[in-house]
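Heads up, entry_9.txt below (compact mmCIF, C-alpha atoms):
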# COMPACT_ATOMS: atom_id res chain seq x y z
CA MET A 1 -21.01 -49.28 -9.79
CA ASP A 2 -24.77 -48.54 -9.99
CA THR A 3 -27.27 -46.29 -11.81
CA LYS A 4 -27.77 -43.90 -8.89
CA ILE A 5 -27.09 -40.21 -9.65
CA ILE A 6 -23.73 -39.25 -8.21
CA ASP A 7 -23.14 -36.59 -5.57
CA GLU A 8 -20.61 -34.42 -7.37
CA ARG A 9 -19.02 -33.42 -4.06
CA ASP A 10 -18.08 -37.06 -3.38
CA PHE A 11 -16.78 -37.31 -6.93
CA VAL A 12 -14.56 -34.25 -6.41
CA GLU A 13 -13.31 -35.64 -3.09
CA LYS A 14 -12.12 -38.82 -4.82
CA PHE A 15 -10.31 -36.80 -7.47
CA LYS A 16 -8.79 -34.74 -4.67
CA GLU A 17 -7.34 -37.86 -3.06
CA LYS A 18 -5.78 -38.79 -6.40
CA ASN A 19 -4.37 -35.25 -6.69
CA LEU A 20 -2.72 -35.56 -3.28
CA GLU A 21 -1.19 -38.91 -4.25
CA GLY A 22 0.09 -37.26 -7.42
CA PHE A 23 1.52 -34.38 -5.39
CA HIS A 24 3.50 -36.70 -3.09
CA LYS A 25 4.84 -38.52 -6.16
CA PHE A 26 5.86 -35.20 -7.72
CA VAL A 27 7.79 -34.22 -4.56
CA SER A 28 9.60 -37.57 -4.48
CA ASP A 29 10.38 -37.51 -8.21
CA TYR A 30 11.71 -33.95 -8.06
CA ASP A 31 13.93 -34.72 -5.06
CA ASN A 32 15.39 -37.69 -6.98
CA TYR A 33 15.90 -35.54 -10.08
CA ILE A 34 17.62 -32.64 -8.29
CA SER A 35 19.83 -34.72 -5.94
CA PRO A 36 22.74 -35.34 -8.38
CA ILE A 37 22.58 -31.70 -9.48
CA MET A 38 22.87 -30.50 -5.86
CA ARG A 39 25.82 -32.85 -5.22
CA ALA A 40 27.55 -31.55 -8.34
CA ARG A 41 27.15 -28.02 -6.97
CA GLY A 42 28.88 -28.99 -3.73
CA TYR A 43 25.82 -29.40 -1.50
CA LYS A 44 25.52 -32.22 1.02
CA PHE A 45 22.25 -34.01 1.82
CA VAL A 46 21.61 -33.82 5.59
CA ASN A 47 18.09 -35.04 6.32
CA TYR A 48 14.41 -35.06 5.41
CA ALA A 49 12.22 -32.33 6.91
CA GLU A 50 8.44 -32.29 7.19
CA ARG A 51 6.15 -29.31 6.61
CA THR A 52 2.43 -28.68 6.19
CA VAL A 53 1.15 -26.25 3.57
CA THR A 54 -2.36 -25.35 2.42
CA PHE A 55 -2.66 -25.21 -1.37
CA THR A 56 -5.72 -24.56 -3.56
CA PHE A 57 -6.10 -28.35 -3.77
CA GLY A 58 -6.04 -28.86 0.00
CA GLN A 59 -3.78 -29.04 3.04
CA VAL A 60 -0.79 -31.34 2.56
CA THR A 61 1.88 -32.64 4.91
CA PHE A 62 4.97 -33.80 3.05
CA THR A 63 8.67 -34.46 3.56
CA ARG A 64 11.54 -33.24 1.40
CA LYS A 65 15.33 -33.20 1.38
CA ARG A 66 17.46 -30.51 3.01
CA TRP A 67 20.89 -29.71 1.56
CA TYR A 68 23.75 -27.74 3.11
CA LYS A 69 26.87 -26.03 1.76
CA LYS A 70 29.12 -23.92 4.00
CA GLY A 71 26.33 -23.47 6.52
CA LYS A 72 23.79 -22.42 3.89
CA CYS A 73 20.62 -24.52 3.71
CA ARG A 74 18.62 -25.08 0.54
CA ILE A 75 15.42 -27.06 0.06
CA PRO A 76 14.93 -27.56 -3.71
CA VAL A 77 11.34 -28.82 -3.44
CA ASP A 78 10.28 -25.66 -1.60
CA GLU A 79 12.01 -23.55 -4.25
CA LYS A 80 10.25 -25.50 -7.01
CA LEU A 81 6.86 -24.98 -5.32
CA GLY A 82 7.57 -21.27 -4.74
CA LEU A 83 7.18 -21.65 -0.98
CA GLU A 84 8.66 -19.05 1.34
CA LYS A 85 10.31 -20.13 4.57
CA ARG A 86 7.73 -21.05 7.25
CA ALA A 87 4.83 -20.14 4.93
CA ALA A 88 1.64 -22.02 5.84
CA TYR A 89 -0.16 -21.15 2.60
CA SER A 90 0.87 -21.39 -1.04
CA LYS A 91 1.37 -18.17 -2.94
CA GLU A 92 -1.33 -19.12 -5.46
CA LEU A 93 -3.88 -19.49 -2.67
CA LEU A 94 -2.84 -16.16 -1.12
CA TYR A 95 -3.08 -14.50 -4.54
CA GLN A 96 -6.62 -15.82 -5.05
CA ILE A 97 -7.61 -14.73 -1.53
CA THR A 98 -6.26 -11.23 -2.24
CA ARG A 99 -8.13 -11.06 -5.54
CA LEU A 100 -11.39 -12.08 -3.87
CA ALA A 101 -10.82 -9.59 -1.03
CA THR A 102 -10.99 -6.71 -3.53
CA MET A 103 -14.53 -7.78 -4.42
CA MET A 104 -16.13 -8.90 -1.15
CA PRO A 105 -15.85 -8.70 2.67
CA TYR A 106 -13.20 -10.87 4.31
CA ARG A 107 -15.76 -13.23 5.89
CA LYS A 108 -17.26 -13.83 2.44
CA VAL A 109 -13.81 -14.68 1.08
CA VAL A 110 -13.57 -17.42 3.73
CA GLU A 111 -16.94 -18.82 2.61
CA VAL A 112 -16.07 -18.72 -1.11
CA ILE A 113 -12.71 -20.49 -0.64
CA GLU A 114 -14.43 -23.21 1.38
CA LEU A 115 -17.21 -23.58 -1.20
CA MET A 116 -14.92 -23.70 -4.24
CA TYR A 117 -11.95 -25.67 -2.92
CA GLN A 118 -13.17 -27.32 0.31
CA VAL A 119 -10.18 -25.57 1.88
CA TYR A 120 -10.75 -24.11 5.34
CA ILE A 121 -9.24 -20.74 6.13
CA THR A 122 -10.08 -17.98 8.61
CA LYS A 123 -10.44 -14.22 8.48
CA ASP A 124 -6.85 -14.04 9.81
CA THR A 125 -5.72 -15.88 6.67
CA VAL A 126 -7.30 -13.16 4.55
CA LEU A 127 -5.53 -10.53 6.66
CA LYS A 128 -2.22 -12.34 6.09
CA ALA A 129 -2.82 -12.31 2.34
CA ILE A 130 -3.52 -8.57 2.39
CA GLN A 131 -0.43 -7.98 4.54
CA LEU A 132 1.68 -9.91 2.01
CA ALA A 133 0.20 -7.83 -0.81
CA ASP A 134 1.09 -4.69 1.16
CA GLU A 135 4.72 -5.84 1.50
CA LEU A 136 4.86 -6.71 -2.20
CA LEU A 137 3.48 -3.28 -3.14
CA ALA A 138 6.25 -1.65 -1.09
CA GLU A 139 8.89 -3.82 -2.78
CA LYS A 140 7.41 -3.12 -6.21
CA GLU A 141 7.70 0.62 -5.55
CA ASP A 142 11.34 0.12 -4.53
CA TYR A 143 11.86 -1.85 -7.72
CA ARG A 144 10.44 1.03 -9.76
CA PHE A 145 13.35 3.22 -8.64
CA TYR A 146 15.87 0.53 -9.54
CA GLN A 147 14.17 0.03 -12.89
CA GLU A 148 14.21 3.72 -13.72
CA SER A 149 18.02 3.68 -13.59
CA LYS A 150 17.72 1.99 -17.00
CA MET A 151 16.79 3.92 -20.12
CA ILE A 152 12.98 3.92 -20.25
CA LYS A 153 11.21 5.07 -23.39
CA LYS A 154 8.96 7.92 -22.30
CA ILE A 155 5.43 8.40 -23.61
CA GLU A 156 5.18 11.08 -26.27
CA ALA A 157 1.72 12.67 -26.16
CA PRO A 158 0.65 16.19 -27.18
CA VAL A 159 -1.97 16.24 -24.40
CA ILE A 160 -1.74 14.82 -20.87
CA TYR A 161 -5.03 14.60 -18.98
CA LEU A 162 -5.17 14.73 -15.19
CA GLU A 163 -8.25 14.54 -12.97
CA GLY A 164 -8.50 14.46 -9.20
CA ASP A 165 -11.19 14.00 -6.59
CA GLY A 166 -11.58 12.85 -3.00
CA LEU A 167 -13.45 9.78 -1.76
CA TRP A 168 -14.73 9.65 1.81
CA ILE A 169 -14.54 6.34 3.68
CA LYS A 170 -15.20 5.32 7.29
CA VAL A 171 -12.17 4.46 9.40
CA THR A 172 -11.40 3.46 12.97
CA GLU A 173 -8.29 4.62 14.79
CA GLN A 174 -6.32 3.13 17.67
CA GLU A 175 -8.73 4.45 20.29
CA LYS A 176 -11.54 2.79 18.26
CA GLU A 177 -12.82 6.24 17.40
CA ARG A 178 -14.86 6.17 14.20
CA ARG A 179 -14.69 8.98 11.68
CA ASN A 180 -14.75 9.79 7.97
CA LYS A 181 -11.46 10.24 6.15
CA ASP A 182 -10.66 11.33 2.64
CA ILE A 183 -8.76 9.23 0.08
CA ALA A 184 -7.15 11.38 -2.61
CA HIS A 185 -7.59 9.85 -6.06
CA PHE A 186 -5.91 11.08 -9.26
CA VAL A 187 -6.14 9.66 -12.79
CA ILE A 188 -3.52 10.34 -15.49
CA HIS A 189 -4.13 9.41 -19.15
CA THR A 190 -3.54 10.59 -22.72
CA GLY A 191 -7.07 10.62 -24.10
CA SER A 192 -9.80 8.14 -24.96
CA GLU A 193 -10.46 5.67 -27.77
CA ARG A 194 -13.23 3.26 -28.72
CA LYS A 195 -12.55 -0.45 -28.27
CA GLY A 196 -15.59 -2.41 -29.36
CA ASN A 197 -18.54 -1.02 -27.43
CA ARG A 198 -16.34 0.51 -24.74
CA THR A 199 -14.46 3.77 -24.39
CA ILE A 200 -11.05 3.21 -22.81
CA LEU A 201 -8.47 5.67 -21.53
CA LYS A 202 -5.04 5.45 -23.14
CA ASN A 203 -1.95 5.06 -20.90
CA LYS A 204 -4.16 5.29 -17.82
CA VAL A 205 -2.52 5.34 -14.39
CA GLU A 206 -4.35 5.85 -11.09
CA ILE A 207 -2.77 7.20 -7.92
CA VAL A 208 -4.35 7.03 -4.47
CA SER A 209 -3.20 8.18 -1.06
CA GLN A 210 -4.65 8.99 2.32
CA ASN A 211 -2.85 12.33 2.07
CA ASN A 212 -3.67 14.76 -0.74
CA ARG A 213 -0.24 16.38 -0.82
CA VAL A 214 1.54 13.03 -1.04
CA ALA A 215 -0.80 11.98 -3.86
CA ARG A 216 0.11 15.15 -5.76
CA GLU A 217 3.80 14.44 -5.23
CA LYS A 218 3.32 10.99 -6.73
CA VAL A 219 1.46 12.52 -9.68
CA VAL A 220 4.37 14.87 -10.42
CA ASP A 221 6.87 12.05 -9.94
CA TYR A 222 5.01 9.74 -12.32
CA ILE A 223 4.42 12.28 -15.10
CA TYR A 224 8.00 13.56 -14.88
CA ASN A 225 9.51 10.07 -15.17
CA HIS A 226 7.14 8.59 -17.78
CA PHE A 227 6.21 11.40 -20.19
CA GLU A 228 8.24 13.33 -22.73
CA ILE A 229 7.55 16.97 -21.86
CA ASN A 230 8.36 19.79 -24.28
CA GLN A 231 7.26 23.37 -24.97
CA ASN A 232 4.17 22.17 -26.86
CA THR A 233 2.91 19.74 -24.20
CA LEU A 234 -0.60 20.59 -23.00
CA LEU A 235 -1.77 19.59 -19.52
CA VAL A 236 -5.57 19.37 -19.29
CA THR A 237 -6.97 19.12 -15.76
CA ASN A 238 -10.49 18.64 -14.43
CA SER A 239 -11.98 18.66 -10.92
CA ASP A 240 -15.02 19.52 -8.80
CA MET A 241 -13.10 22.59 -7.51
CA GLY A 242 -13.22 21.24 -3.96
CA HIS A 243 -10.53 21.58 -1.29
CA GLY A 244 -7.30 20.01 -2.54
CA TYR A 245 -8.51 20.07 -6.16
CA THR A 246 -8.70 23.80 -6.93
CA PRO A 247 -7.28 25.36 -10.13
CA TYR A 248 -4.35 26.67 -8.06
CA ILE A 249 -3.40 23.11 -7.03
CA PHE A 250 -3.28 21.97 -10.65
CA GLN A 251 -1.42 25.13 -11.70
CA GLU A 252 1.27 24.24 -9.16
CA ILE A 253 1.50 20.73 -10.63
CA ALA A 254 1.94 22.22 -14.12
CA LYS A 255 4.56 24.62 -12.78
CA GLY A 256 6.42 21.77 -11.05
CA LEU A 257 6.53 19.85 -14.32
CA LYS A 258 7.52 22.98 -16.28
CA ILE A 259 4.49 22.58 -18.53
CA LYS A 260 3.64 26.03 -19.90
CA ASN A 261 0.33 25.11 -21.57
CA HIS A 262 -2.35 24.29 -19.01
CA GLU A 263 -6.16 24.23 -19.28
CA HIS A 264 -8.35 23.59 -16.25
CA PHE A 265 -12.05 22.69 -16.30
CA TRP A 266 -14.78 22.72 -13.67
CA ASP A 267 -16.16 19.20 -13.94
CA ARG A 268 -19.51 19.54 -15.71
CA PHE A 269 -21.24 16.79 -13.69
CA HIS A 270 -20.38 18.43 -10.37
CA LEU A 271 -21.12 21.93 -11.67
CA ASN A 272 -24.61 20.95 -12.87
CA LYS A 273 -25.21 19.11 -9.60
CA GLU A 274 -24.25 22.21 -7.60
CA ILE A 275 -26.54 24.46 -9.68
CA LYS A 276 -29.40 21.99 -9.36
CA LYS A 277 -29.01 21.82 -5.58
CA SER A 278 -29.02 25.63 -5.24
CA VAL A 279 -31.68 26.56 -7.82
CA THR A 280 -34.35 23.89 -8.45
CA SER A 281 -36.05 24.35 -5.07
CA TYR A 282 -36.99 27.86 -6.31
CA SER A 283 -37.65 27.36 -10.03
CA ASN A 284 -36.99 24.66 -12.65
CA GLU A 285 -37.19 27.30 -15.37
CA LEU A 286 -34.46 29.29 -13.62
CA TYR A 287 -32.30 26.16 -13.49
CA ASP A 288 -32.58 25.93 -17.30
CA ARG A 289 -31.41 29.56 -17.56
CA PHE A 290 -28.31 28.78 -15.49
CA ILE A 291 -27.51 25.74 -17.66
CA GLU A 292 -27.97 27.78 -20.85
CA ALA A 293 -25.65 30.50 -19.54
CA ILE A 294 -22.99 27.89 -18.76
CA LYS A 295 -23.49 26.15 -22.11
CA ASN A 296 -23.10 29.41 -24.06
CA ASN A 297 -20.29 30.63 -21.78
CA SER A 298 -22.26 33.86 -21.25
CA ARG A 299 -21.33 35.76 -18.09
CA LYS A 300 -24.09 38.28 -18.86
CA LYS A 301 -26.80 35.59 -18.89
CA LEU A 302 -25.31 34.04 -15.77
CA LYS A 303 -25.46 37.34 -13.85
CA SER A 304 -29.07 37.80 -14.97
CA ALA A 305 -29.97 34.33 -13.66
CA ILE A 306 -28.13 35.02 -10.39
CA ASP A 307 -30.03 38.31 -9.91
CA THR A 308 -33.34 36.48 -10.38
CA LEU A 309 -32.29 33.81 -7.89
CA GLU A 310 -31.26 36.48 -5.38
CA SER A 311 -34.74 38.04 -5.52
CA LEU A 312 -36.35 34.64 -4.89
CA VAL A 313 -34.03 33.95 -1.95
CA LEU A 314 -34.67 37.38 -0.39
CA ASN A 315 -38.41 36.73 -0.56
CA THR A 316 -37.97 33.74 1.77
CA GLN A 317 -36.50 36.02 4.49
CA ASP A 318 -34.38 33.05 5.56
CA GLU A 319 -30.90 34.08 6.73
CA LYS A 320 -29.33 30.63 6.25
CA LYS A 321 -30.67 30.35 2.69
CA PHE A 322 -29.29 33.80 1.90
CA GLU A 323 -25.85 32.84 3.26
CA SER A 324 -25.90 29.70 1.09
CA PHE A 325 -26.85 31.82 -1.92
CA ILE A 326 -23.98 34.29 -1.32
CA SER A 327 -21.52 31.39 -1.12
CA PHE A 328 -22.96 29.85 -4.32
CA LYS A 329 -22.88 33.19 -6.18
CA LYS A 330 -19.30 33.96 -5.17
CA ARG A 331 -18.09 30.48 -6.11
CA LEU A 332 -19.85 30.53 -9.49
CA LEU A 333 -18.65 33.97 -10.57
CA LEU A 334 -15.12 33.45 -9.27
CA ASN A 335 -14.68 30.17 -11.16
CA PHE A 336 -16.80 30.94 -14.23
CA GLN A 337 -13.76 30.90 -16.53
CA TYR A 338 -13.33 27.18 -15.75
CA ALA A 339 -16.97 26.34 -16.62
CA VAL A 340 -16.28 26.40 -20.36
CA SER A 341 -16.87 23.08 -22.13
CA PRO A 342 -13.99 21.01 -23.61
CA GLU A 343 -15.49 21.37 -27.12
CA GLN A 344 -15.09 25.15 -26.89
CA ARG A 345 -11.37 24.56 -26.45
CA ASN A 346 -11.18 21.89 -29.18
CA LEU A 347 -10.63 19.00 -26.76
CA GLU A 348 -12.17 15.51 -26.66
CA ILE A 349 -15.28 15.48 -24.50
CA ASP A 350 -14.94 11.73 -23.79
CA SER A 351 -11.51 12.30 -22.25
CA LEU A 352 -12.83 14.46 -19.39
CA GLY A 353 -15.28 13.86 -16.56
CA ILE A 354 -14.13 10.31 -15.91
CA MET A 355 -13.59 10.47 -12.12
CA GLU A 356 -17.01 9.23 -11.03
CA SER A 357 -16.66 6.04 -13.06
CA GLN A 358 -13.07 5.57 -11.82
CA HIS A 359 -14.22 6.07 -8.21
CA ARG A 360 -16.83 3.35 -8.53
CA LYS A 361 -14.57 0.34 -8.09
CA ILE A 362 -13.18 1.77 -4.84
CA SER A 363 -16.47 3.06 -3.45
CA TYR A 364 -18.31 -0.21 -4.19
CA ARG A 365 -15.84 -2.23 -2.10
CA MET A 366 -14.91 0.28 0.59
CA LYS A 367 -17.75 2.74 1.01
CA ASN A 368 -21.19 1.61 -0.08
CA ARG A 369 -21.60 -1.19 2.47
CA GLY A 370 -21.15 0.94 5.56
CA MET A 371 -17.80 -0.69 6.35
CA TYR A 372 -15.19 0.68 8.73
CA TRP A 373 -11.52 0.26 7.90
CA SER A 374 -8.31 0.55 9.85
CA ILE A 375 -6.10 3.25 8.35
CA GLU A 376 -3.43 0.84 7.10
CA HIS A 377 -5.92 -1.62 5.61
CA ALA A 378 -7.79 1.21 3.89
CA ASP A 379 -4.53 2.33 2.31
CA THR A 380 -3.54 -1.16 1.17
CA MET A 381 -6.99 -2.10 -0.12
CA SER A 382 -7.39 1.11 -2.13
CA HIS A 383 -4.10 0.37 -3.91
CA ILE A 384 -4.93 -3.29 -4.62
CA ILE A 385 -8.40 -2.46 -5.95
CA LEU A 386 -6.83 -0.26 -8.62
CA LEU A 387 -4.82 -3.21 -9.95
CA SER A 388 -6.26 -5.45 -12.65
CA ASP A 389 -6.29 -9.23 -12.20
CA LYS A 390 -3.21 -9.40 -14.43
CA GLN A 391 -1.41 -6.76 -12.35
CA ILE A 392 -2.20 -8.52 -9.06
CA ARG A 393 -0.85 -11.78 -10.49
CA ASP A 394 2.29 -9.94 -11.61
CA LEU A 395 2.60 -8.50 -8.10
CA PHE A 396 2.74 -12.04 -6.66
CA PHE A 397 4.50 -13.96 -9.44
CA GLY A 398 6.12 -11.46 -11.83
CA ASN A 399 9.77 -11.66 -12.91
CA TRP A 400 10.32 -8.28 -11.27
CA ARG A 401 10.85 -10.04 -7.92
CA LYS A 402 13.91 -11.93 -9.14
CA GLU A 403 15.36 -8.74 -10.61
CA TYR A 404 14.53 -6.86 -7.42
CA GLU A 405 16.38 -9.41 -5.26
CA LYS A 406 19.34 -9.16 -7.63
CA TYR A 407 19.43 -5.35 -7.34
CA ARG A 408 19.19 -5.54 -3.56
CA SER A 409 21.95 -8.13 -3.31
CA GLU A 410 24.20 -5.88 -5.41
CA GLY A 411 23.74 -3.03 -2.91
CA MET A 412 22.51 -0.57 -5.51
CA SER A 413 20.06 1.32 -3.34
CA GLY A 414 21.84 4.35 -1.91
CA ALA A 415 23.65 5.84 -4.91
CA LYS A 416 20.87 5.11 -7.36
CA ILE A 417 18.17 6.62 -5.20
CA LYS A 418 20.19 9.77 -4.55
CA GLU A 419 20.68 10.09 -8.28
CA LYS A 420 16.92 9.76 -8.77
CA MET A 421 16.15 12.35 -6.12
CA ASN A 422 18.39 14.87 -7.86
CA LYS A 423 16.50 14.37 -11.13
CA VAL A 424 13.02 14.98 -9.77
CA PRO A 425 11.59 18.54 -9.80
CA ARG A 426 11.54 20.10 -6.33
CA SER A 427 9.04 22.94 -6.83
CA LEU A 428 6.31 21.12 -4.91
CA GLY A 429 8.68 20.25 -2.11
CA LEU A 430 8.75 16.78 -3.62
CA MET A 431 10.35 14.15 -1.44
CA VAL A 432 11.02 10.84 -3.18
CA ASP A 433 12.22 7.93 -1.08
CA ALA A 434 13.78 4.66 -2.15
CA SER A 435 11.10 3.00 -0.08
CA TRP A 436 7.42 3.53 -0.73
CA LYS A 437 6.91 2.24 2.79
CA GLY A 438 8.68 5.39 3.99
CA HIS A 439 6.00 7.38 2.20
CA ARG A 440 3.37 5.10 3.66
CA HIS A 441 4.54 5.65 7.25
CA ARG A 442 4.62 9.41 6.75
CA GLU A 443 1.17 9.31 5.14
CA ARG A 444 -0.21 7.38 8.08
CA ASP A 445 1.31 9.83 10.58
CA ARG A 446 -0.07 12.82 8.69
CA PHE A 447 -3.40 11.03 8.50
CA LEU A 448 -3.35 10.72 12.29
CA ASN A 449 -2.38 14.42 12.55
CA LYS A 450 0.98 13.56 14.06
CA LYS A 451 4.14 15.60 13.58
CA VAL A 452 6.14 14.30 10.64
CA LYS A 453 9.90 14.34 10.36
CA LYS A 454 11.10 15.70 7.05
Do you think you could lay out the structure here as structure tokens?
Amino acid sequence: MDTKIIDERDFVEKFKEKNLEGFHKFVSDYDNYISPIMRARGYKFVNYAERTVTFTFGQVTFTRKRWYKKGKCRIPVDEKLGLEKRAAYSKELLYQITRLATMMPYRKVVEVIELMYQVYITKDTVLKAIQLADELLAEKEDYRFYQESKMIKKIEAPVIYLEGDGLWIKVTEQEKERRNKDIAHFVIHTGSERKGNRTILKNKVEIVSQNNRVAREKVVDYIYNHFEINQNTLLVTNSDMGHGYTPYIFQEIAKGLKIKNHEHFWDRFHLNKEIKKSVTSYSNELYDRFIEAIKNNSRKKLKSAIDTLESLVLNTQDEKKFESFISFKKRLLLNFQYAVSPEQRNLEIDSLGIMESQHRKISYRMKNRGMYWSIEHADTMSHIILLSDKQIRDLFFGNWRKEYEKYRSEGMSGAKIKEKMNKVPRSLGLMVDASWKGHRHRERDRFLNKKVKK
């Protein structure tokens, strides 16, 4: 002992050694505790087996007892620690790696784990964690079908809000060809409310897919199974009017759900952005006239502003600019009925126009850093990012896994899934599988422009 300032890293290392000693004692104590219980259950102790596992507190090599009964092997210590057969990493470590991977590049995850825990992993370890999360997501989707065989209390809401938009990311395919691909993103909720200084969306659910049609199928499936729909239900939709998000698309969703009351809006942010792009290069004053016409829902004022813009465009004698103007004019007049504001239809303004903020968490991780993704990793990562920390932990450790294994062991899949398929509306050509992975494989094939078996 001396008065020299300690190096905290050395201090931590000494505590770590004590932790490892404590871990070995825990393994020995638990084996001694469980042994008479295993014998009472008819199991016979055969031998000790050694394994090495990396936990958040370091890599440990330890031995534990193996028990057999009628050819079936059980290792109680592994069960107590939640270790899968032949797993080299603890589930807690893989969970934390997955959580970090939603916030930073894989190589940074490696650095953070080493810095925080003095545990050495590789980029392949991060890939394994993401692969495990992908498998758990598929199982969780299977479990959802089993769960829905029970009586679930549906959400009763007078208004259901639905918004959709696409998000472009960079992907590489098998031939290492690089290109941009679109991720379809839909948000379902029942309105907004203030919570402290924040506005939150009630009953919010987000759906993403690499295929727009499959995403829409999931939207219909979710709303149908989780909302109480009656003759007074109002579906309010909002989009930038782009391909895959036109009023017709949302009308088909309403029709598939048998919702008679449907209001669609041209997203005000995207509408103003489109007007600004087409008008401000000619006149800022004219831009204000367009905005006023939209604000007052005046087709007459809009046509007047368009006529003025047409004169300015013709004066440039630029054929490309005139073609752009014609396209802008046609699009604006054709969709003018959807440019009305929510207030004019007595709807909450805070409940619409939320897609840009919802996109942000995906775009920050997957788009803004110039990253390229494989198709499968892009799909998995986009789904994990949408989960909260609590939901990711539930994915790895939730009680649903025990129930899921019980359902599977009881052979409930076939009949239950067929029953579910018969209950889902078919007007969109909806195809609901017991396995989400089936959807995933079809999505990937469609994404690669391959022929898909139906």
Distance in Å - CA of Ile275 in chain A versus CA of Lys300 in chain A: 16.8 Å
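When only C-alpha atoms are used to compute distances to Lys204 in chain A, the closest of the residues A:Ile34, A:Val313, A:Ile354, A:Ala88 turns out to be A:Ile354.
Of the listed residues (A:Ser35, A:Asn261, A:Ser90, A:Ser298), A:Ser35 comes nearest to Lys65 in chain A; the distances count all atoms listed in the file.
Remark: for Tyr48 in chain A, the closest of the candidate residues A:Pro105, A:Gly22, A:Pro76, A:Gly244 is A:Pro76 (distances computed over only C-alpha atoms).
Every residue within 12 Å of the file position (-10.9, 26.2, -6.8), judged by all atoms listed in the file, is given as A:Asn238, A:Ser239, A:Asp240, A:Met241, A:Gly242, A:His243, A:Gly244, A:Tyr245, A:Thr246, A:Pro247, A:Tyr248, A:Ile249, A:Phe250, A:Gln251, A:His264, A:Phe265, A:Trp266, A:Asp267, A:Lys330, A:Arg331, A:Leu332, A:Leu333, A:Leu334, A:Asn335, A:Phe336, A:Gln337, A:Tyr338, A:Ala339.
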Against range 165-175 of chain A, which residues of range 318-415 of chain A fall within 6 Å? For each one I want the closest pair of atoms and the distance in Å (one decimal), counting only C-alpha atoms, rows by chain and increasing residue number, as JSON lines.
{"residue": "A:Lys367", "atom": "CA", "partner": "A:Ile169", "partner_atom": "CA", "distance": 5.5}
{"residue": "A:Tyr372", "atom": "CA", "partner": "A:Lys170", "partner_atom": "CA", "distance": 4.9}
{"residue": "A:Trp373", "atom": "CA", "partner": "A:Val171", "partner_atom": "CA", "distance": 4.5}
{"residue": "A:Ser374", "atom": "CA", "partner": "A:Thr172", "partner_atom": "CA", "distance": 5.3}
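Near range 321-327 of chain A, within 10 Å and counting only C-alpha atoms, sit Ser278, Val279, Ile306, Leu309, Glu310, Leu312, Val313, Leu314, Asn315, Thr316 and Leu332 of chain A; same-chain residues fewer than 5 positions away were not included.
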Distance query Ala378 in chain A at most 12 Å, only C-alpha atoms, self and fewer than 6 positions along chain excluded, as a VMD selection string: chain A and resid 102 130 to 131 134 167 to 173 180 to 183 208 to 210 362 to 363 365 to 367 371 to 372 384 to 385 440 444 447
Between CA of Leu235 in chain A and CA of Asp221 in chain A - distance in Å to one decimal: 14.9 Å
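Checking A:Tyr222, A:Arg66, A:Val119, A:Leu386 one by one against Arg360 in chain A, counting all atoms listed in the file, you find the shortest gap at A:Leu386.
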Neighbours of Thr54 in chain A within 6 Å (all atoms listed in the file; same-chain residues fewer than 3 positions away dropped), as an mmCIF file with C-alpha atoms, keeping the file's coordinate frame?
data_model
loop_
_atom_site.group_PDB
_atom_site.id
_atom_site.type_symbol
_atom_site.label_atom_id
_atom_site.label_comp_id
_atom_site.auth_asym_id
_atom_site.auth_seq_id
_atom_site.Cartn_x
_atom_site.Cartn_y
_atom_site.Cartn_z
ATOM 1 C CA GLY A 58 -6.040 -28.860 0.000
ATOM 2 C CA GLN A 59 -3.780 -29.040 3.040
ATOM 3 C CA TYR A 89 -0.160 -21.150 2.600
#
Length of the CA of Ser311 in chain A to CA of Lys329 in chain A vector [Å]: 12.8 Å
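Neighbours of Lys69 in chain A closer than or equal to 8 Å, with all atoms listed in the file counted and sequence neighbours fewer than 4 positions away skipped, come out as A:Gly42, A:Tyr43, A:Lys44, A:Cys73.
For the residues A:Ile75, A:Leu286, A:Ile259, A:Ala129, ranking by smallest atom-to-atom distance to Ile97 in chain A using only C-alpha atoms places A:Ala129 first.
For the residues A:Trp67, A:Phe26, A:Tyr282, A:Tyr120, ranking by smallest atom-to-atom distance to Phe55 in chain A using all atoms listed in the file places A:Tyr120 first.
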Contacts of Ala101 in chain A within 12 Å, all atoms listed in the file, excl. fewer than 4 positions in-chain, as a PyMOL selection string: chain A and resi 94-97+105-113+123+125-131+133+365-366+377+380-382+384-385+392
